[in-house]
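**Student:** I have a structure here, written as structure tokens, and I will follow up with some questions on it.
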There are 2 protein chains.
Amino acid sequence: MSIRIGILGYGNLGRGVEKAVNVCDDMELVGVFSRRDPGSVKVDSGAAVYHVDSLPEMTDKIDVLIICGGSATDLPEMTPKYAKLFNVIDSFDTHANIPVHFANVDAAAKEAGKIGIISCGWDPGMFSLNRLYAHSVLPGGKDYTFWGRGVSQGHSDAIRRIDGVKDARQYTVPVPEALDSVRAGENPELTTRQKHTRVCYVVAEEGADQDKIRNEIVTMPNYFADYDTTVYFITEEEMKLEHSGLPHGGSVIYSGTTGGTKNADGTTSELNTHVIEYSLKLDSNPEFTGSVLTAYARAAFRMNQNGESGAKTVFDIAPALISPLSGDEIRAHML
Amino acid sequence: MSIRIGILGYGNLGRGVEKAVNVCDDMELVGVFSRRDPGSVKVDSGAAVYHVDSLPEMTDKIDVLIICGGSATDLPEMTPKYAKLFNVIDSFDTHANIPVHFANVDAAAKEAGKIGIISCGWDPGMFSLNRLYAHSVLPGGKDYTFWGRGVSQGHSDAIRRIDGVKDARQYTVPVPEALDSVRAGENPELTTRQKHTRVCYVVAEEGADQDKIRNEIVTMPNYFADYDTTVYFITEEEMKLEHSGLPHGGSVIYSGTTGGTKNADGTTSELNTHVIEYSLKLDSNPEFTGSVLTAYARAAFRMNQNGESGAKTVFDIAPALISPLSGDEIRAHML
């Protein structure tokens with residue numbers, strides 16, 4: 001029996017989920033749900049397209065709804081709403097609002113007897129897992145997260161909202177010296193500016209004031225003001241040729257110690273340092289994120305089949321639940 | 001209420017567990033259990049020492065027994081035996097025998113209503129987790145595991161068993177070209193010899209035939225015959241000064257793709273490559289392994305408190321269960 005998947009929202013992430021579902025033998029893509037006129041949405045793989053308003057009539061046709069919306073306004077409303085009807089999963093990534101979002105989804109999902117997985121992807125998601133595993137195994141150490149080199153869609157969008165900007169692409173780049181120091185287990189104190197730089201490629205409208213645009217970018221609070229930011233003005237053709245991909249990645253590096261403890265005889269044991277690093281080099285951020293959501297959709301289905309309900313994160317989900325293979329198979333081949 | 005821990009076996013790994021337990025605020029070390037005369041065992045932290053025969057009388061004093069024995073003969077017998085009395089955890093690492101060991105521990109633990117976690121540490125353990133997560137997120141890719149540079153205790157012991165050898169230390173070293181190719185996502189086919197080299201430091205008995213020892217090492221089946229092996233003869237003083245530590249580590253590297261799928265209009269979507277790497281640089285292999293066992297001992301206790309029983313591996317254990325922090329705390333700080 002296949003796990004029947006619905007995709008809500010068909011932007012870059014929805015397309016990534018579509019590709020991931022279509023390579024999973026144990027899944028079936030029921031359709032894509034959109035707020036747009038279904039006739040205007042062309043789905044790559046040819047799956048059916050429905051208007052989002054038809055979702056309430058399809059509760060017996062979909063096992064897990066993968067919600068591909070934005071964290072600012074879409075997901076805080078959509079995920080609790082649809083957790084009342086389906087097992088759901090989202091990639092909510094506004095860190096400060098995770099507790100509220102978790103509580104809202106938890107209440108809705110528990111009432112409906114469904115599973116609602118939130119904040120899934122690579123950060124939050126795979127990176128979060130690596131922070132948790134490392135902190136748990138080596139208590140008292142320090143974690144560092146570096147992003148990039150990669151395109152930040154949020155930062156690119158922020159630049160596009162500036163008057164006179166036609167298109168923009170922003171790359172987040174880790175500072176090599178900071179990476180080296182962390183990898184060496186030196187546990188440096190690093191400011192925001194010392195960890196990452198931001199590089200922006202901007203296509204300006206004809207006749208726009210480039211100095212004004214540059215100044216608006218580098219002084220933009222939250223997004224750029226705390227970073228060393230470089231702005232390059234390029235043509236539309238250059239943008240299309242050299243910046244059409246959405247690569248991303250980064251590293252979670254954790255440095256901790258063992259030993260250095262007091263012995264009964266008054267001596268101190270040798271202090272040993274351990275460095276744990278998890279890194280991703282992704283050709284396509286939305287396709288990798290979509291793949292993570294799809295694997296965890298499998299877990300949502302299984303946990304619900306198992307009688308569980310409520311909000312979950314990657315922390316609450318046993319790794320075996322995201323694999324299509326049996327316990328015997330994973331123990332034989334991956335343990 | 002503290003989790004009360006017993007340690008069975010007091011070699012390098014037992015000492016590593018001792019240090020790890022002693023930095024966990026939610027744990028208490030009840031004592032070390034040994035097959036030796038308790039009076040002859042000096043425990044670093046001053047914890048109590050008992051003879052292994054007293055374990056059956058202490059079922060109400062210990063929540064989790066961490067079994068620090070060898071995989072060849074100790075663990076296949078000990079882990080099922082003590083799973084009848086305690087929640088237990090071991091670091092069983094004979095890959096081919098994992099299914100049998102799992103079945104034996106499962107039967108014993110289920111009958112007793114206890115949890116028995118097997119094959120925990122970094123490989124099997126943290127490396128296994130990373131193989132599973134990567135395969136699940138990006139089906140159809142390929143995983144590579146490189147070990148080192150680090151001391152292999154099994155290989156060092158094998159050399160020490162050769163006539164005329166007084167002491168030996170064997171380092172496993174990944175081949176840099178192989179690492180580079182895998183990291184570049186080239187998915188190479190690699191023979192055993194192409195992945196790792198082995199470097200041996202040997203103290204020979206006075207008058208021993210060094211050429212004969214060298215030949216016995218490099219031709220030893222399973223251990224060295226399939227590798228390029230270098231043997232250096234050194235003095236006892238050099239061994240003590242330069243090779244007294246037990247560093248280790250390595251990397252699990254997974255390369256997979258998304259896209260490349262057929263579209264409804266007959267075109268093929270862009271193929272994107274993603275490389276996932278998890279790496280460890282450990283100053284002390286037994287102390288890090290002991291730290292992993294200790295974190296998962298926490299999970300064994302909690303799962304058993306929750307009414308679960310039977311054999312488990314890292315695959316079956318939700319990450320949150322190994323953290324001393326609450327769900328609210330880990331969501332707020334690590335997600």
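Identifiers in this document derive from the order of the structure tokens: chains are assigned A, B, ..., residues are numbered from 1 separately in each chain, and ligands are numbered from 1 in order of occurrence.
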What are the residues of chain A that have an atom within 7 Å of an atom of chain B, counting only C-alpha atoms, as a compact mmCIF listing (two decimals) with C-alpha atoms, in the first residue's frame?

**Tutor:**
```txt
# COMPACT_ATOMS: atom_id res chain seq x y z
CA LYS A 19 10.60 15.12 -7.60
CA ASP A 44 6.21 19.09 -14.15
CA SER A 45 5.41 15.41 -13.64
CA GLY A 46 1.85 15.72 -14.90
CA PRO A 99 7.42 27.39 20.36
CA PRO A 124 15.96 23.56 10.83
CA SER A 128 19.25 20.64 14.22
CA ARG A 131 23.38 20.00 17.11
CA LEU A 132 21.28 17.77 19.37
CA TYR A 133 23.31 14.58 18.87
CA SER A 136 23.93 15.05 24.04
CA VAL A 137 27.03 12.94 23.47
CA LEU A 138 29.55 15.56 24.63
CA THR A 258 36.19 14.42 27.70
CA GLY A 259 38.45 13.86 30.68
CA LYS A 262 39.28 14.91 39.17
CA ASN A 263 40.56 11.49 40.13
CA ALA A 264 40.17 10.05 43.64
CA ASN A 272 40.80 15.23 25.27
CA THR A 273 39.16 17.30 22.54
CA HIS A 274 36.74 15.93 19.96
CA VAL A 275 35.47 17.75 16.86
CA ILE A 276 32.26 16.64 15.14
CA GLU A 277 31.34 18.13 11.77
CA TYR A 278 28.27 17.65 9.60
CA SER A 279 28.35 19.38 6.26
CA LEU A 280 26.13 19.69 3.21
CA LYS A 281 27.04 20.73 -0.32
CA LEU A 282 23.75 21.05 -2.17
CA ASP A 283 23.31 21.78 -5.87
CA SER A 284 19.66 22.62 -5.22
CA GLU A 287 15.16 19.88 -4.02
CA SER A 291 13.68 15.33 -0.15
CA VAL A 292 13.96 15.74 3.62
CA ALA A 295 11.36 11.20 3.99
CA PHE A 315 14.01 15.34 17.49
CA ASP A 316 10.97 13.18 18.29
CA ILE A 317 11.30 10.81 15.36
CA ALA A 318 13.31 7.58 15.48
CA PRO A 319 15.58 7.50 12.40
CA ALA A 320 14.25 4.09 11.27
CA ILE A 322 12.10 7.77 7.75
CA SER A 323 13.63 4.80 5.90
CA ALA A 332 22.20 -5.63 8.09
CA MET A 334 23.76 0.39 7.47
CA LEU A 335 24.53 -0.34 11.13
```

**Student:** Could you give me the residues within segment 37-134 of chain A that DSSP places in strand (DSSP E), as a list in words?

**Tutor:**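 Of segment 37-134 of chain A, the ones in strand (DSSP E) are Val49, Tyr50, His51, Val64, Leu65, Ile66, Ile67, Asn87, Val88, Ile89, Ile115, Gly116 and Ile117 of chain A.
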
**Student:** Could you turn the residues from that selection into a file that holds N, CA and C atoms, as a PDB file, in the first residue's frame?

**Tutor:**
```pdb
ATOM      1  N   VAL A  49      -3.860  18.718 -10.563  1.00  0.00           N
ATOM      2  CA  VAL A  49      -3.823  19.989  -9.833  1.00  0.00           C
ATOM      3  C   VAL A  49      -5.234  20.295  -9.334  1.00  0.00           C
ATOM      4  N   TYR A  50      -5.320  20.690  -8.062  1.00  0.00           N
ATOM      5  CA  TYR A  50      -6.607  21.044  -7.471  1.00  0.00           C
ATOM      6  C   TYR A  50      -6.498  22.417  -6.838  1.00  0.00           C
ATOM      7  N   HIS A  51      -7.650  23.074  -6.707  1.00  0.00           N
ATOM      8  CA  HIS A  51      -7.656  24.297  -5.924  1.00  0.00           C
ATOM      9  C   HIS A  51      -7.598  23.921  -4.451  1.00  0.00           C
ATOM     10  N   VAL A  64      -0.686  12.033   3.829  1.00  0.00           N
ATOM     11  CA  VAL A  64       0.130  13.117   4.388  1.00  0.00           C
ATOM     12  C   VAL A  64       0.108  14.304   3.424  1.00  0.00           C
ATOM     13  N   LEU A  65      -0.155  15.488   3.986  1.00  0.00           N
ATOM     14  CA  LEU A  65      -0.118  16.721   3.194  1.00  0.00           C
ATOM     15  C   LEU A  65       1.195  17.449   3.496  1.00  0.00           C
ATOM     16  N   ILE A  66       2.000  17.635   2.459  1.00  0.00           N
ATOM     17  CA  ILE A  66       3.281  18.339   2.632  1.00  0.00           C
ATOM     18  C   ILE A  66       3.042  19.804   2.280  1.00  0.00           C
ATOM     19  N   ILE A  67       3.189  20.668   3.281  1.00  0.00           N
ATOM     20  CA  ILE A  67       2.822  22.075   3.115  1.00  0.00           C
ATOM     21  C   ILE A  67       4.055  22.887   2.741  1.00  0.00           C
ATOM     22  N   ASN A  87      -2.535  14.305   8.322  1.00  0.00           N
ATOM     23  CA  ASN A  87      -1.162  14.355   8.811  1.00  0.00           C
ATOM     24  C   ASN A  87      -0.454  15.389   7.945  1.00  0.00           C
ATOM     25  N   VAL A  88       0.283  16.290   8.578  1.00  0.00           N
ATOM     26  CA  VAL A  88       0.922  17.362   7.814  1.00  0.00           C
ATOM     27  C   VAL A  88       2.402  17.463   8.172  1.00  0.00           C
ATOM     28  N   ILE A  89       3.127  18.142   7.303  1.00  0.00           N
ATOM     29  CA  ILE A  89       4.537  18.419   7.585  1.00  0.00           C
ATOM     30  C   ILE A  89       4.882  19.740   6.926  1.00  0.00           C
ATOM     31  N   ILE A 115      -0.806  13.576  12.991  1.00  0.00           N
ATOM     32  CA  ILE A 115       0.580  13.966  13.267  1.00  0.00           C
ATOM     33  C   ILE A 115       0.884  15.251  12.500  1.00  0.00           C
ATOM     34  N   GLY A 116       1.531  16.213  13.157  1.00  0.00           N
ATOM     35  CA  GLY A 116       1.971  17.432  12.489  1.00  0.00           C
ATOM     36  C   GLY A 116       3.451  17.642  12.734  1.00  0.00           C
ATOM     37  N   ILE A 117       4.269  17.383  11.721  1.00  0.00           N
ATOM     38  CA  ILE A 117       5.722  17.586  11.866  1.00  0.00           C
ATOM     39  C   ILE A 117       6.052  19.004  11.408  1.00  0.00           C
TER      40      ILE A 117
END
```

**Student:** DSSP says helix (DSSP H, G or I) for which residues of segment 38-231 of chain B? Put them as an MDAnalysis selection string?

**Tutor:** chainID B and resid 38:40 52:58 74:83 95:112 126:137 153:160 176:183 192:195 210:218

**Student:** In Å, rounded to a single decimal, give me how far atom CA of Gly6 of chain A is from atom CA of Val32 of chain A.

**Tutor:**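 It comes out at 6.0 Å.
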
**Student:** Please identify all polymer residues within 9 Å of Tyr223 of chain A, counting only C-alpha atoms, omitting same-chain residues fewer than 4 positions from it, and present them as a VMD selection string.

**Tutor:** chain A and resid 154 to 155 158 217 to 219 227
